[in-house]
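Listing of target.txt, compact mmCIF, C-alpha atoms
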# COMPACT_ATOMS: atom_id res chain seq x y z
CA MET C 1 23.37 1.60 -19.49
CA ARG C 2 23.83 -0.58 -16.44
CA GLU C 3 21.51 -2.01 -13.85
CA LEU C 4 22.20 -1.25 -10.23
CA ASP C 5 23.05 -3.84 -7.60
CA ILE C 6 21.45 -3.55 -4.15
CA HIS C 7 24.66 -4.86 -2.55
CA VAL C 8 26.66 -1.99 -4.03
CA LEU C 9 24.09 0.54 -2.79
CA ARG C 10 24.20 -0.99 0.69
CA ALA C 11 28.00 -0.83 0.65
CA TYR C 12 27.75 2.92 0.04
CA TYR C 13 25.83 3.18 3.31
CA GLU C 14 28.46 1.07 5.06
CA ASP C 15 31.15 3.40 3.70
CA ASP C 16 29.10 6.50 4.64
CA VAL C 17 29.06 7.82 1.06
CA VAL C 18 25.31 8.28 0.53
CA PHE C 19 24.08 11.81 -0.04
CA ILE C 20 20.56 13.21 -0.09
CA THR C 21 19.46 15.74 -2.68
CA ASN C 22 17.79 18.93 -1.50
CA HIS C 23 14.63 17.72 -3.23
CA ALA C 24 14.69 14.44 -1.29
CA ALA C 25 15.36 16.22 2.01
CA GLU C 26 12.37 18.50 1.47
CA ARG C 27 10.10 15.60 0.48
CA CYS C 28 11.22 13.61 3.53
CA ARG C 29 10.37 16.52 5.78
CA GLN C 30 6.94 16.85 4.17
CA ARG C 31 6.25 13.12 4.39
CA GLY C 32 7.58 12.47 7.88
CA ILE C 33 10.40 10.22 6.69
CA VAL C 34 13.72 10.49 8.53
CA THR C 35 17.16 9.50 7.23
CA ARG C 36 17.24 6.46 9.53
CA ASP C 37 14.11 5.19 7.72
CA ILE C 38 15.74 5.59 4.31
CA ARG C 39 18.83 3.69 5.38
CA HIS C 40 16.71 0.92 6.93
CA ALA C 41 14.69 0.59 3.71
CA VAL C 42 17.81 0.33 1.54
CA MET C 43 19.51 -2.13 3.88
CA SER C 44 16.43 -4.38 4.13
CA GLY C 45 14.70 -3.76 0.82
CA GLU C 46 14.94 -4.83 -2.77
CA ILE C 47 15.20 -3.10 -6.13
CA ILE C 48 11.81 -3.20 -7.84
CA GLU C 49 12.49 -0.96 -10.85
CA GLN C 50 15.68 -0.05 -12.70
CA TYR C 51 16.27 3.26 -14.51
CA PRO C 52 19.61 2.62 -16.27
CA ASP C 53 19.20 5.60 -18.62
CA ASP C 54 18.59 8.21 -15.90
CA TYR C 55 20.75 11.30 -16.23
CA PRO C 56 23.31 12.05 -14.98
CA PHE C 57 23.61 8.63 -13.29
CA PRO C 58 21.59 5.39 -13.39
CA SER C 59 19.07 4.98 -10.60
CA CYS C 60 16.55 2.52 -9.25
CA LEU C 61 13.48 2.27 -7.06
CA ILE C 62 13.86 0.33 -3.83
CA CYS C 63 10.95 -1.04 -1.82
CA GLY C 64 11.76 -1.57 1.82
CA LYS C 65 10.56 -1.11 5.38
CA ASP C 66 11.40 1.71 7.71
CA SER C 67 12.37 1.12 11.34
CA THR C 68 8.69 0.92 12.35
CA GLY C 69 7.72 -1.58 9.63
CA ARG C 70 6.11 0.96 7.29
CA THR C 71 6.70 0.31 3.58
CA ILE C 72 8.60 3.08 1.84
CA HIS C 73 10.00 3.58 -1.63
CA VAL C 74 13.43 5.07 -2.14
CA CYS C 75 14.70 6.28 -5.50
CA MET C 76 18.49 6.03 -5.34
CA GLY C 77 21.20 6.77 -7.87
CA ASP C 78 24.66 5.26 -8.20
CA GLU C 79 27.27 7.90 -8.97
CA GLY C 80 30.09 5.37 -9.25
CA GLY C 81 31.69 5.45 -5.82
CA SER C 82 28.80 7.01 -3.92
CA GLY C 83 25.04 6.86 -3.76
CA ARG C 84 22.47 9.63 -3.92
CA ILE C 85 18.92 9.58 -2.56
CA ILE C 86 16.77 11.28 -5.18
CA THR C 87 13.40 10.99 -3.46
CA THR C 88 11.45 8.81 -1.08
CA TYR C 89 7.76 8.36 -0.41
CA LEU C 90 5.09 6.16 1.14
CA PRO C 91 3.50 4.11 -1.64
CA THR C 92 -0.29 3.89 -1.78
CA GLU C 93 -2.62 1.21 -3.12
CA ASP C 94 -4.19 3.62 -5.59
CA ARG C 95 -0.88 3.47 -7.53
CA TRP C 96 0.59 0.15 -6.36
CA HIS C 97 -0.73 -3.36 -5.77
CA SER C 98 -0.90 -4.43 -2.13
CA ASP C 99 2.68 -5.78 -2.23
CA PHE C 100 3.83 -2.22 -3.06
CA LYS C 101 6.27 -3.76 -5.56
CA THR C 102 4.05 -3.84 -8.63
CA ARG C 103 2.58 -0.74 -10.26
CA ARG C 104 -1.08 -0.84 -11.06
CA LYS C 105 -1.28 -1.43 -14.81
CA ASP C 106 -4.18 0.96 -15.26
CA LEU C 107 -1.82 3.82 -14.31
CA GLN C 108 1.07 3.03 -16.69
In structure tokens, what does this structure look like?
Amino acid sequence: MRELDIHVLRAYYEDDVVFITNHAAERCRQRGIVTRDIRHAVMSGEIIEQYPDDYPFPSCLICGKDSTGRTIHVCMGDEGGSGRIITTYLPTEDRWHSDFKTRRKDLQ
């Protein structure tokens, strides 16, 4: 069990060792999110939730902005030497408070 570090995840982008799962690619297509937006969110965002027990690798949820200023969430795993985008989506206020960093308690 280990928590992820946003600086390590950003370094994976700098080293061009971030991969996107087929699931994430399909969701991005459906949601109108392009890879440039994901990178921008990771590079400018912050980790808001940690999932150290995820299998097969620990992951986290990042809240950031895309290149147009839209808030997006990126679930990213650390495979120990590379990163993997698991999914990404546009958070909504029916599930998140207006800062998009805090889950609504009535949904937990």
So for region 88-97 of chain C, what box centre and size do we get, axis-aligned, 3 Å extra on each of the six sides, every listed atom, Å to one decimal, as JSON?
{"center_x": 3.6, "center_y": 2.7, "center_z": -3.2, "size_x": 21.6, "size_y": 18.2, "size_z": 14.7}
Problem - Who sits within 12 Å of His73 (chain C), only C-alpha atoms, same chain under 4 positions skipped, as a ChimeraX atom specification - result: /C:24,28,31,33,37-42,44-49,60-66,85-92,96,99-102
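Restricting the calculation to all atoms listed in the file, the smallest distance between Thr71 (chain C) and any of C:Ser98, C:Asp53, C:Arg104, C:Gly83 is found for C:Ser98.
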Problem - Exercise: Pro56 (chain C) partners within 10 Å, all atoms listed in the file, chain neighbours under 6 positions left out, as an MDAnalysis selection string - result: chainID C and resid 77:79
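Considering the residues C:Val18, C:Ser82, C:Pro58, C:Thr35 and counting all atoms listed in the file, Arg2 (chain C) has its shortest atom-to-atom contact with C:Pro58.
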Exercise for the section: Mind giving me the straight-line distance from CA of Asp94 (chain C) to CA of Thr21 (chain C) in Å, one decimal? Expected result: 26.7 Å
Exercise for the section: Have a look at C:Arg95, C:Lys105, C:Arg84, C:Val34 and name the one nearest to Asn22 (chain C); count all atoms listed in the file. Expected result: C:Arg84
